[in-house]
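File shown: my_file-v3.cif (mmCIF, C-alpha atoms).
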data_data
loop_
_atom_site.group_PDB
_atom_site.id
_atom_site.type_symbol
_atom_site.label_atom_id
_atom_site.label_comp_id
_atom_site.auth_asym_id
_atom_site.auth_seq_id
_atom_site.Cartn_x
_atom_site.Cartn_y
_atom_site.Cartn_z
ATOM 1 C CA ASP A 1 178.107 340.938 104.463
ATOM 2 C CA LEU A 2 179.897 337.876 103.067
ATOM 3 C CA GLY A 3 182.286 337.699 106.012
ATOM 4 C CA PHE A 4 185.444 338.415 104.014
ATOM 5 C CA GLY A 5 186.340 341.585 105.894
ATOM 6 C CA ALA A 6 189.086 343.887 104.646
ATOM 7 C CA PHE A 7 191.765 342.842 102.185
ATOM 8 C CA ASN A 8 194.505 344.653 100.278
ATOM 9 C CA ARG A 9 194.491 342.683 97.055
ATOM 10 C CA ALA A 10 192.826 339.778 95.267
ATOM 11 C CA ILE A 11 194.801 336.894 93.832
ATOM 12 C CA VAL A 12 193.704 333.876 91.823
ATOM 13 C CA GLU A 13 194.595 330.204 92.185
ATOM 14 C CA VAL A 14 193.909 328.679 88.767
ATOM 15 C CA LYS A 15 192.720 325.072 88.873
ATOM 16 C CA LYS A 16 193.978 322.789 86.116
ATOM 17 C CA ASP A 17 190.669 320.990 85.621
ATOM 18 C CA ILE A 18 187.358 322.565 84.679
ATOM 19 C CA PRO A 19 184.176 321.226 86.341
ATOM 20 C CA GLU A 20 182.687 318.076 84.823
ATOM 21 C CA GLU A 21 179.308 319.802 84.441
ATOM 22 C CA LEU A 22 180.875 322.385 82.146
ATOM 23 C CA LYS A 23 182.583 319.695 80.094
ATOM 24 C CA GLU A 24 179.244 317.900 79.664
ATOM 25 C CA LEU A 25 177.673 321.096 78.327
ATOM 26 C CA GLY A 26 180.311 321.571 75.604
ATOM 27 C CA SER A 27 178.246 320.613 72.554
ATOM 28 C CA LEU A 28 175.134 322.430 73.790
ATOM 29 C CA ILE A 29 177.096 325.616 74.485
ATOM 30 C CA GLU A 30 178.716 325.388 71.046
ATOM 31 C CA GLU A 31 175.279 325.128 69.420
ATOM 32 C CA PHE A 32 174.039 328.111 71.443
ATOM 33 C CA TRP A 33 177.178 330.154 70.681
ATOM 34 C CA ASN A 34 176.900 329.623 66.922
ATOM 35 C CA GLU A 35 173.281 330.755 67.017
ATOM 36 C CA PHE A 36 174.053 333.684 69.319
ATOM 37 C CA SER A 37 176.987 334.871 67.173
ATOM 38 C CA ALA A 38 174.935 334.646 63.975
ATOM 39 C CA SER A 39 172.264 336.892 65.510
ATOM 40 C CA ARG A 40 174.670 339.738 66.298
ATOM 41 C CA PRO A 41 174.942 342.728 63.937
ATOM 42 C CA VAL A 42 177.788 342.868 61.442
ATOM 43 C CA GLY A 43 180.822 344.452 63.066
ATOM 44 C CA SER A 44 179.870 343.375 66.591
ATOM 45 C CA LYS A 45 180.485 339.650 66.415
ATOM 46 C CA PRO A 46 181.602 338.401 69.856
ATOM 47 C CA THR A 47 184.767 336.417 70.438
ATOM 48 C CA ASN A 48 185.000 333.500 72.820
ATOM 49 C CA ASP A 49 187.694 335.061 75.005
ATOM 50 C CA PRO A 50 188.812 333.304 78.190
ATOM 51 C CA LYS A 51 187.292 334.298 81.547
ATOM 52 C CA TYR A 52 187.643 333.139 85.146
ATOM 53 C CA GLY A 53 184.865 331.160 86.797
ATOM 54 C CA LEU A 54 184.078 330.213 90.401
ATOM 55 C CA THR A 55 181.784 327.370 91.424
ATOM 56 C CA GLY A 56 180.450 329.508 94.292
ATOM 57 C CA ILE A 57 181.748 331.579 97.190
ATOM 58 C CA ASN A 58 182.344 328.687 99.595
ATOM 59 C CA ASP A 59 185.951 328.216 98.430
ATOM 60 C CA VAL A 60 186.780 331.937 98.508
ATOM 61 C CA ARG A 61 188.921 332.768 101.528
ATOM 62 C CA ILE A 62 190.995 335.447 103.233
ATOM 63 C CA ASP A 63 194.689 334.604 103.623
ATOM 64 C CA GLY A 64 196.427 337.321 105.604
ATOM 65 C CA GLN A 65 195.543 340.496 103.696
ATOM 66 C CA ASN A 66 194.712 338.717 100.438
ATOM 67 C CA LEU A 67 191.368 337.622 99.032
ATOM 68 C CA VAL A 68 192.151 334.234 97.464
ATOM 69 C CA LEU A 69 189.970 333.059 94.572
ATOM 70 C CA PRO A 70 190.225 329.396 93.439
ATOM 71 C CA VAL A 71 189.148 329.746 89.812
ATOM 72 C CA PHE A 72 189.043 327.770 86.586
ATOM 73 C CA GLU A 73 189.280 329.077 83.042
ATOM 74 C CA CYS A 74 186.078 329.172 81.031
ATOM 75 C CA GLY A 75 185.069 331.035 77.889
ATOM 76 C CA TYR A 76 182.833 333.983 77.075
ATOM 77 C CA ALA A 77 180.559 331.486 75.310
ATOM 78 C CA ASP A 78 180.041 329.736 78.661
ATOM 79 C CA VAL A 79 179.202 333.063 80.292
ATOM 80 C CA ARG A 80 176.695 334.003 77.573
ATOM 81 C CA PHE A 81 175.066 330.569 77.767
ATOM 82 C CA LYS A 82 174.730 330.875 81.530
ATOM 83 C CA ASN A 83 173.220 334.348 81.281
ATOM 84 C CA SER A 84 171.334 334.432 77.991
ATOM 85 C CA ARG A 85 170.028 330.922 77.267
ATOM 86 C CA ASP A 86 166.312 330.826 76.564
ATOM 87 C CA LYS A 87 163.690 328.227 77.405
ATOM 88 C CA LYS A 88 164.639 326.151 74.361
ATOM 89 C CA TYR A 89 168.083 325.504 75.814
ATOM 90 C CA ASP A 90 167.110 325.500 79.469
ATOM 91 C CA GLU A 91 164.679 322.620 78.927
ATOM 92 C CA ARG A 92 167.561 320.463 77.663
ATOM 93 C CA LEU A 93 169.522 320.773 80.899
ATOM 94 C CA THR A 94 169.526 318.239 83.693
ATOM 95 C CA ALA A 95 168.721 319.465 87.202
ATOM 96 C CA LYS A 96 172.403 319.075 88.102
ATOM 97 C CA GLN A 97 173.531 321.162 85.122
ATOM 98 C CA ARG A 98 170.991 323.859 85.855
ATOM 99 C CA HIS A 99 172.111 324.003 89.478
ATOM 100 C CA PHE A 100 175.739 324.313 88.366
ATOM 101 C CA LEU A 101 174.976 327.198 86.004
ATOM 102 C CA ASN A 102 172.855 328.990 88.592
ATOM 103 C CA ASN A 103 175.791 328.904 91.015
ATOM 104 C CA LEU A 104 178.562 329.664 88.511
ATOM 105 C CA LEU A 105 180.201 333.024 89.249
ATOM 106 C CA VAL A 106 182.410 334.981 86.844
ATOM 107 C CA LEU A 107 185.080 337.442 88.005
ATOM 108 C CA GLY A 108 184.455 341.068 87.093
ATOM 109 C CA VAL A 109 185.044 344.672 88.105
ATOM 110 C CA VAL A 110 182.851 347.731 88.576
ATOM 111 C CA GLY A 111 184.021 351.295 89.095
ATOM 112 C CA TYR A 112 182.202 354.473 90.042
ATOM 113 C CA ILE A 113 184.129 357.661 89.341
ATOM 114 C CA GLU A 114 183.663 360.765 91.482
ATOM 115 C CA SER A 115 184.823 364.122 90.114
ATOM 116 C CA ALA A 116 186.292 366.965 92.151
ATOM 117 C CA ASP A 117 182.883 368.682 92.295
ATOM 118 C CA LEU A 118 181.224 365.478 93.655
ATOM 119 C CA ARG A 119 179.510 364.384 90.458
ATOM 120 C CA TYR A 120 179.681 360.829 89.171
ATOM 121 C CA LEU A 121 180.457 359.475 85.714
ATOM 122 C CA PHE A 122 177.651 357.536 84.031
ATOM 123 C CA GLY A 123 177.332 355.867 80.661
ATOM 124 C CA VAL A 124 174.407 354.808 78.461
ATOM 125 C CA ARG A 125 174.919 351.232 77.257
ATOM 126 C CA ALA A 126 175.302 350.894 73.496
ATOM 127 C CA ASP A 127 174.841 347.131 73.114
ATOM 128 C CA ALA A 128 171.620 345.350 72.221
ATOM 129 C CA GLY A 129 171.627 343.044 75.252
ATOM 130 C CA PRO A 130 169.451 343.255 78.374
ATOM 131 C CA ARG A 131 171.341 346.349 79.588
ATOM 132 C CA GLY A 132 171.154 348.140 76.235
ATOM 133 C CA GLY A 133 170.068 351.779 76.664
ATOM 134 C CA LEU A 134 170.330 351.691 80.467
ATOM 135 C CA ILE A 135 172.356 354.212 82.467
ATOM 136 C CA GLU A 136 175.100 352.740 84.647
ATOM 137 C CA THR A 137 178.374 353.572 86.314
ATOM 138 C CA VAL A 138 181.576 353.133 84.333
ATOM 139 C CA PRO A 139 183.785 351.263 83.956
ATOM 140 C CA GLN A 140 182.466 347.693 84.162
ATOM 141 C CA GLY A 141 183.690 344.419 82.721
ATOM 142 C CA LEU A 142 184.969 340.891 83.195
ATOM 143 C CA VAL A 143 188.473 339.850 84.210
ATOM 144 C CA ASP A 144 190.501 338.647 81.214
ATOM 145 C CA PRO A 145 193.077 335.911 82.018
ATOM 146 C CA LEU A 146 195.182 336.868 78.989
ATOM 147 C CA LYS A 147 195.322 340.604 79.733
ATOM 148 C CA ASP A 148 194.962 340.874 83.515
ATOM 149 C CA ILE A 149 198.119 339.186 84.709
ATOM 150 C CA SER A 150 199.381 341.388 87.559
ATOM 151 C CA ASP A 151 199.560 340.277 91.204
ATOM 152 C CA ASP A 152 196.280 342.090 91.898
ATOM 153 C CA ILE A 153 193.851 340.702 89.342
ATOM 154 C CA PHE A 154 190.990 343.126 90.048
ATOM 155 C CA TYR A 155 193.216 346.218 89.934
ATOM 156 C CA SER A 156 194.608 345.155 86.567
ATOM 157 C CA ALA A 157 191.129 344.534 85.142
ATOM 158 C CA LEU A 158 189.807 347.834 86.493
ATOM 159 C CA ALA A 159 192.700 349.802 84.963
ATOM 160 C CA ARG A 160 192.148 348.104 81.601
ATOM 161 C CA GLU A 161 188.373 348.639 81.573
ATOM 162 C CA LEU A 162 188.835 352.263 82.653
ATOM 163 C CA LYS A 163 191.147 352.906 79.698
ATOM 164 C CA GLU A 164 188.911 351.062 77.222
ATOM 165 C CA GLU A 165 185.633 352.702 78.269
ATOM 166 C CA THR A 166 186.684 356.244 79.208
ATOM 167 C CA GLY A 167 190.206 356.810 77.877
ATOM 168 C CA LEU A 168 191.358 357.629 81.424
ATOM 169 C CA ASP A 169 194.647 356.343 82.821
ATOM 170 C CA ILE A 170 194.327 354.973 86.360
ATOM 171 C CA ASN A 171 197.817 356.254 87.251
ATOM 172 C CA LYS A 172 197.666 359.678 85.573
ATOM 173 C CA ASP A 173 194.012 360.701 85.866
ATOM 174 C CA ILE A 174 192.852 359.081 89.110
ATOM 175 C CA SER A 175 194.017 360.451 92.481
ATOM 176 C CA ASP A 176 192.653 357.678 94.689
ATOM 177 C CA ARG A 177 191.048 354.235 94.445
ATOM 178 C CA MET A 178 189.146 352.521 97.237
ATOM 179 C CA ALA A 179 187.391 349.156 97.019
ATOM 180 C CA THR A 180 183.992 349.532 98.704
ATOM 181 C CA HIS A 181 181.859 346.485 97.847
ATOM 182 C CA LEU A 182 181.896 342.933 96.575
ATOM 183 C CA GLN A 183 179.023 342.485 94.149
ATOM 184 C CA VAL A 184 177.793 338.885 93.991
ATOM 185 C CA GLY A 185 175.252 338.697 91.151
ATOM 186 C CA PRO A 186 173.335 339.396 89.143
ATOM 187 C CA LYS A 187 174.532 337.368 86.161
ATOM 188 C CA PHE A 188 177.045 339.544 84.274
ATOM 189 C CA GLY A 189 180.233 339.915 86.327
ATOM 190 C CA ASP A 190 178.733 337.857 89.131
ATOM 191 C CA PHE A 191 181.671 338.173 91.519
ATOM 192 C CA ALA A 192 182.850 341.734 91.025
ATOM 193 C CA LEU A 193 184.972 344.053 93.108
ATOM 194 C CA VAL A 194 183.349 347.500 93.181
ATOM 195 C CA SER A 195 185.760 350.439 93.530
ATOM 196 C CA LYS A 196 185.377 354.168 94.010
ATOM 197 C CA LEU A 197 187.754 356.203 91.842
ATOM 198 C CA LYS A 198 188.513 359.885 92.518
ATOM 199 C CA LEU A 199 189.038 361.871 89.325
ATOM 200 C CA LYS A 200 191.821 364.460 89.498
ATOM 201 C CA PHE A 201 190.773 368.103 89.193
ATOM 202 C CA GLY A 202 190.401 369.237 85.584
ATOM 203 C CA ARG A 203 190.558 365.746 84.090
ATOM 204 C CA GLU A 204 186.889 365.689 83.046
ATOM 205 C CA GLU A 205 187.855 366.898 79.574
ATOM 206 C CA ARG A 206 189.981 363.774 79.093
ATOM 207 C CA VAL A 207 186.947 361.476 79.274
ATOM 208 C CA MET A 208 186.253 359.864 75.897
ATOM 209 C CA LYS A 209 183.516 357.322 75.258
ATOM 210 C CA SER A 210 184.023 354.062 73.422
ATOM 211 C CA THR A 211 181.201 353.842 70.868
ATOM 212 C CA LYS A 212 181.301 350.072 71.200
ATOM 213 C CA GLU A 213 180.433 350.371 74.902
ATOM 214 C CA HIS A 214 178.332 353.527 75.329
ATOM 215 C CA THR A 215 176.290 355.980 73.298
ATOM 216 C CA LYS A 216 176.950 358.700 75.878
ATOM 217 C CA LEU A 217 179.124 359.443 78.930
ATOM 218 C CA PHE A 218 178.139 362.226 81.324
ATOM 219 C CA LEU A 219 178.749 363.559 84.831
ATOM 220 C CA ASP A 220 175.756 363.933 87.142
ATOM 221 C CA SER A 221 174.910 364.279 90.842
ATOM 222 C CA PRO A 222 172.360 361.534 91.530
ATOM 223 C CA SER A 223 169.916 362.020 94.351
ATOM 224 C CA THR A 224 167.696 359.516 96.109
ATOM 225 C CA LYS A 225 164.768 361.240 94.403
ATOM 226 C CA ALA A 226 166.134 360.311 90.974
ATOM 227 C CA PHE A 227 165.643 356.681 91.916
ATOM 228 C CA GLU A 228 162.160 357.110 93.407
ATOM 229 C CA ASP A 229 160.200 358.154 90.323
ATOM 230 C CA GLU A 230 159.925 356.953 86.739
ATOM 231 C CA LYS A 231 163.576 357.900 86.038
ATOM 232 C CA LYS A 232 164.592 354.893 88.130
ATOM 233 C CA TYR A 233 163.763 352.559 85.266
ATOM 234 C CA ALA A 234 166.290 354.247 82.977
ATOM 235 C CA PHE A 235 169.095 352.967 85.229
ATOM 236 C CA ASN A 236 170.760 349.601 85.557
ATOM 237 C CA PRO A 237 169.193 348.147 88.754
ATOM 238 C CA VAL A 238 172.673 347.433 90.158
ATOM 239 C CA THR A 239 173.562 351.128 89.776
ATOM 240 C CA VAL A 240 170.334 352.067 91.583
ATOM 241 C CA ALA A 241 171.140 349.695 94.462
ATOM 242 C CA LEU A 242 174.691 351.023 94.755
ATOM 243 C CA PHE A 243 173.695 354.677 94.979
ATOM 244 C CA GLU A 244 170.760 354.001 97.285
ATOM 245 C CA GLU A 245 173.236 352.408 99.679
ATOM 246 C CA LEU A 246 175.780 355.206 99.278
#
Reformat the file's structure so that it appears as C-alpha cells.
Amino acid sequence: DLGFGAFNRAIVEVKKDIPEELKELGSLIEEFWNEFSASRPVGSKPTNDPKYGLTGINDVRIDGQNLVLPVFECGYADVRFKNSRDKKYDERLTAKQRHFLNNLLVLGVVGYIESADLRYLFGVRADAGPRGGLIETVPQGLVDPLKDISDDIFYSALARELKEETGLDINKDISDRMATHLQVGPKFGDFALVSKLKLKFGREERVMKSTKEHTKLFLDSPSTKAFEDEKKYAFNPVTVALFEEL
C-alpha cells in the first residue's frame, strides 16, 4: 500500500544530526520523563535506551532489494513523550513541535507465530500502559541501536524480541520467516515490519513467558467471529486488524 514493493532486507542510514524540533523539546521531555519514571512501580523503572526515529516515510526508499531507512538516534524518553504526554504537556507545544511529534515514526518489529497445527501464539500484556491486559501477537518491540547491529536491522530485532518474550530461538525453533506487512502507526513501534514465523513441530513446549512482558502466553485459532462480538475488545486493535486481513 505504501509503494515499497518487495524487499529482502532493511538497512539503516544513521544521520549524524537529530532534528532541531527534538533538540528544542529537550528540557520538556526531561521534565516529563522524570515524572513518568517516578510514577512507575518499584522494580519496573524504565531506562532511556536509544531507539531509531524517522521524520516520516517520504525519505524511505527501495534500493535494489533493500529497504533503506534514513534514521536518527533518539531515546525511549522521546518515544514515551510522543506517545504518552497528556494535555498538560501538549498545551506547552508549539504547532510546529506538535506536527513534528505527530509525524515522528519509531522503528519496531511485530511477529505472529503459527504452530504446526495452525494455531497462533498470543500473549496478555503485563504492563500498566494503554495495552495492559490486552491480548496481542508476540513478539513485539522496538529496534535497539545498541543490540540490533546486523546487516538486517529488523531481523536482528525480531530474533532478540522473540528470545526475550517467548524463550524461542529464531534459528533452532522457527522453520520459516516471511515478512508480510509494514505497519505504520499507531504510536508504539510506528514503523514496524510484521513477520509470520512458522514454529517447528513439537516446539510448543519450549515457549516460556517473560513475566515482565506478559501474564500469559497461549496458542489459539482465532476466527473472524472472535473479533465480531464483545471478545474483540479484549484484543489489541492492531492484532484485530491483522487477523481480519489474514
Which polymer residues have any atom within 8 Å of an atom of Asp152 in chain A, counting all atoms listed in the file, with same-chain residues fewer than 5 positions away left out, as a VMD selection string?
chain A and resid 9 to 11
Considering all atoms listed in the file, can you say which of A:Val143, A:Val42, A:Ile62, A:Ala95 comes closest to Leu2 in chain A?
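With all atoms listed in the file as the atom set, the closest residue is A:Ile62.
The space separating CA of Leu217 in chain A from CA of Ser115 in chain A comes to 13.4 Å.
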Expand the PyMOL selection byres ((chain A and resi 33) around 12) into the explicit residue set it covers here, and present it as an MDAnalysis selection string.
chainID A and resid 25:32 34:40 45:48 75:82 84:85 89
Using the chain letters and numbering of this document, enumerate as a list in words the residues selected by the PyMOL selection byres ((chain A and resi 204) around 10).
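Written out, the selection comes to Ser115, Ala116, Leu121, Leu168, Asp173, Leu199, Lys200, Phe201, Gly202, Arg203, Glu205, Arg206, Val207, Met208, Phe218 and Leu219 of chain A.
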Distance in Å - CA of Asn66 in chain A versus CA of Phe100 in chain A
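Rounded to one decimal, the two atoms are 26.7 Å apart.
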Tyr120 in chain A environment, 12 Å, only C-alpha atoms, sequence neighbours closer than 6 positions dropped, as a PyMOL selection string
chain A and resi 111-114+135-139+196-199+204+217-223+239+243
For the structure shown, which residues end up in the PyMOL selection byres ((chain A and resi 12) around 8)? Put them as a PyMOL selection string, please?
chain A and resi 10-11+13-14+68-71+153
Place a sphere of radius 12 Å on (176.8, 323.3, 92.7) in the file coordinates and name every protein, DNA or RNA residue with an atom inside or on its surface, counting all atoms listed in the file; give the answer as a PyMOL selection string.
chain A and resi 19-22+54-59+95-105
Go ahead and write the selection's residues with C-alpha atoms as a PDB file, in the coordinates of the input.
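Saved file result-v3.pdb follows:
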ATOM      1  CA  PRO A  19     184.176 321.226  86.341  1.00  0.00           C
ATOM      2  CA  GLU A  20     182.687 318.076  84.823  1.00  0.00           C
ATOM      3  CA  GLU A  21     179.308 319.802  84.441  1.00  0.00           C
ATOM      4  CA  LEU A  22     180.875 322.385  82.146  1.00  0.00           C
ATOM      5  CA  LEU A  54     184.078 330.213  90.401  1.00  0.00           C
ATOM      6  CA  THR A  55     181.784 327.370  91.424  1.00  0.00           C
ATOM      7  CA  GLY A  56     180.450 329.508  94.292  1.00  0.00           C
ATOM      8  CA  ILE A  57     181.748 331.579  97.190  1.00  0.00           C
ATOM      9  CA  ASN A  58     182.344 328.687  99.595  1.00  0.00           C
ATOM     10  CA  ASP A  59     185.951 328.216  98.430  1.00  0.00           C
ATOM     11  CA  ALA A  95     168.721 319.465  87.202  1.00  0.00           C
ATOM     12  CA  LYS A  96     172.403 319.075  88.102  1.00  0.00           C
ATOM     13  CA  GLN A  97     173.531 321.162  85.122  1.00  0.00           C
ATOM     14  CA  ARG A  98     170.991 323.859  85.855  1.00  0.00           C
ATOM     15  CA  HIS A  99     172.111 324.003  89.478  1.00  0.00           C
ATOM     16  CA  PHE A 100     175.739 324.313  88.366  1.00  0.00           C
ATOM     17  CA  LEU A 101     174.976 327.198  86.004  1.00  0.00           C
ATOM     18  CA  ASN A 102     172.855 328.990  88.592  1.00  0.00           C
ATOM     19  CA  ASN A 103     175.791 328.904  91.015  1.00  0.00           C
ATOM     20  CA  LEU A 104     178.562 329.664  88.511  1.00  0.00           C
ATOM     21  CA  LEU A 105     180.201 333.024  89.249  1.00  0.00           C
TER      22      LEU A 105
END
With all atoms listed in the file as the atoms that count, which of A:Leu93, A:Leu67, A:Leu107, A:Val238 lies nearest to Asp148 in chain A?
A:Leu107
Could you please determine the separation between CA of Ala226 in chain A and CA of Val240 in chain A in Å, to one decimal place?
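Result for CA of Ala226 in chain A versus CA of Val240 in chain A: 9.3 Å, one decimal.
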Taking only C-alpha atoms into account, name the residue in A:Asp63, A:Asp49, A:Glu165, A:Asp17 that is nearest to His214 in chain A.
A:Glu165
Given all atoms listed in the file as the counted atoms, nearest of A:Ala128, A:Val110, A:Ile18, A:Leu134 to Met178 in chain A
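Under the stated criterion, the closest residue is A:Val110.
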Mind rebuilding range 22-46 of chain A with N, CA, C and O atoms and writing that out as a compact mmCIF listing (two decimals), in the frame of the given file?
# COMPACT_ATOMS: atom_id res chain seq x y z
N LEU A 22 180.59 321.49 83.27
CA LEU A 22 180.88 322.38 82.15
C LEU A 22 181.36 321.59 80.94
O LEU A 22 181.01 321.91 79.79
N LYS A 23 182.13 320.56 81.18
CA LYS A 23 182.58 319.70 80.09
C LYS A 23 181.39 319.04 79.41
O LYS A 23 181.32 318.96 78.17
N GLU A 24 180.42 318.57 80.20
CA GLU A 24 179.24 317.90 79.66
C GLU A 24 178.41 318.82 78.79
O GLU A 24 177.70 318.38 77.89
N LEU A 25 178.48 320.12 79.05
CA LEU A 25 177.67 321.10 78.33
C LEU A 25 178.35 321.58 77.04
O LEU A 25 177.78 322.42 76.33
N GLY A 26 179.52 321.06 76.73
CA GLY A 26 180.31 321.57 75.60
C GLY A 26 179.56 321.67 74.29
O GLY A 26 179.54 322.74 73.66
N SER A 27 178.92 320.60 73.85
CA SER A 27 178.25 320.61 72.55
C SER A 27 177.02 321.52 72.57
O SER A 27 176.72 322.20 71.58
N LEU A 28 176.32 321.58 73.69
CA LEU A 28 175.13 322.43 73.79
C LEU A 28 175.53 323.91 73.77
O LEU A 28 174.89 324.73 73.11
N ILE A 29 176.61 324.23 74.47
CA ILE A 29 177.10 325.62 74.48
C ILE A 29 177.60 326.02 73.11
O ILE A 29 177.36 327.15 72.65
N GLU A 30 178.25 325.10 72.40
CA GLU A 30 178.72 325.39 71.05
C GLU A 30 177.54 325.68 70.11
O GLU A 30 177.60 326.62 69.30
N GLU A 31 176.48 324.90 70.23
CA GLU A 31 175.28 325.13 69.42
C GLU A 31 174.68 326.50 69.72
O GLU A 31 174.32 327.26 68.82
N PHE A 32 174.57 326.80 71.02
CA PHE A 32 174.04 328.11 71.44
C PHE A 32 174.92 329.24 70.92
O PHE A 32 174.42 330.24 70.40
N TRP A 33 176.25 329.09 71.06
CA TRP A 33 177.18 330.15 70.68
C TRP A 33 177.10 330.46 69.19
O TRP A 33 177.13 331.63 68.78
N ASN A 34 177.01 329.42 68.37
CA ASN A 34 176.90 329.62 66.92
C ASN A 34 175.63 330.39 66.58
O ASN A 34 175.64 331.30 65.73
N GLU A 35 174.55 330.06 67.25
CA GLU A 35 173.28 330.76 67.02
C GLU A 35 173.34 332.18 67.53
O GLU A 35 172.89 333.12 66.87
N PHE A 36 173.93 332.36 68.72
CA PHE A 36 174.05 333.68 69.32
C PHE A 36 174.92 334.59 68.45
O PHE A 36 174.58 335.75 68.19
N SER A 37 176.06 334.08 68.00
CA SER A 37 176.99 334.87 67.17
C SER A 37 176.34 335.28 65.86
O SER A 37 176.51 336.42 65.39
N ALA A 38 175.58 334.35 65.26
CA ALA A 38 174.94 334.65 63.98
C ALA A 38 173.88 335.74 64.10
O ALA A 38 173.57 336.44 63.13
N SER A 39 173.33 335.90 65.30
CA SER A 39 172.26 336.89 65.51
C SER A 39 172.80 338.30 65.76
O SER A 39 172.03 339.26 65.76
N ARG A 40 174.11 338.42 65.99
CA ARG A 40 174.67 339.74 66.30
C ARG A 40 174.88 340.55 65.03
O ARG A 40 175.14 339.99 63.95
N PRO A 41 174.75 341.87 65.11
CA PRO A 41 174.94 342.73 63.94
C PRO A 41 176.36 342.62 63.38
O PRO A 41 177.30 342.32 64.10
N VAL A 42 176.47 342.87 62.09
CA VAL A 42 177.79 342.87 61.44
C VAL A 42 178.68 343.92 62.11
O VAL A 42 178.26 345.04 62.37
N GLY A 43 179.90 343.53 62.42
CA GLY A 43 180.82 344.45 63.07
C GLY A 43 180.83 344.33 64.57
O GLY A 43 181.66 344.95 65.24
N SER A 44 179.90 343.55 65.14
CA SER A 44 179.87 343.38 66.59
C SER A 44 179.83 341.90 66.97
O SER A 44 179.22 341.52 67.96
N LYS A 45 180.44 341.07 66.13
CA LYS A 45 180.48 339.65 66.42
C LYS A 45 181.34 339.40 67.66
O LYS A 45 182.47 339.89 67.75
N PRO A 46 180.84 338.65 68.63
CA PRO A 46 181.60 338.40 69.86
C PRO A 46 182.70 337.38 69.63
O PRO A 46 182.65 336.58 68.70
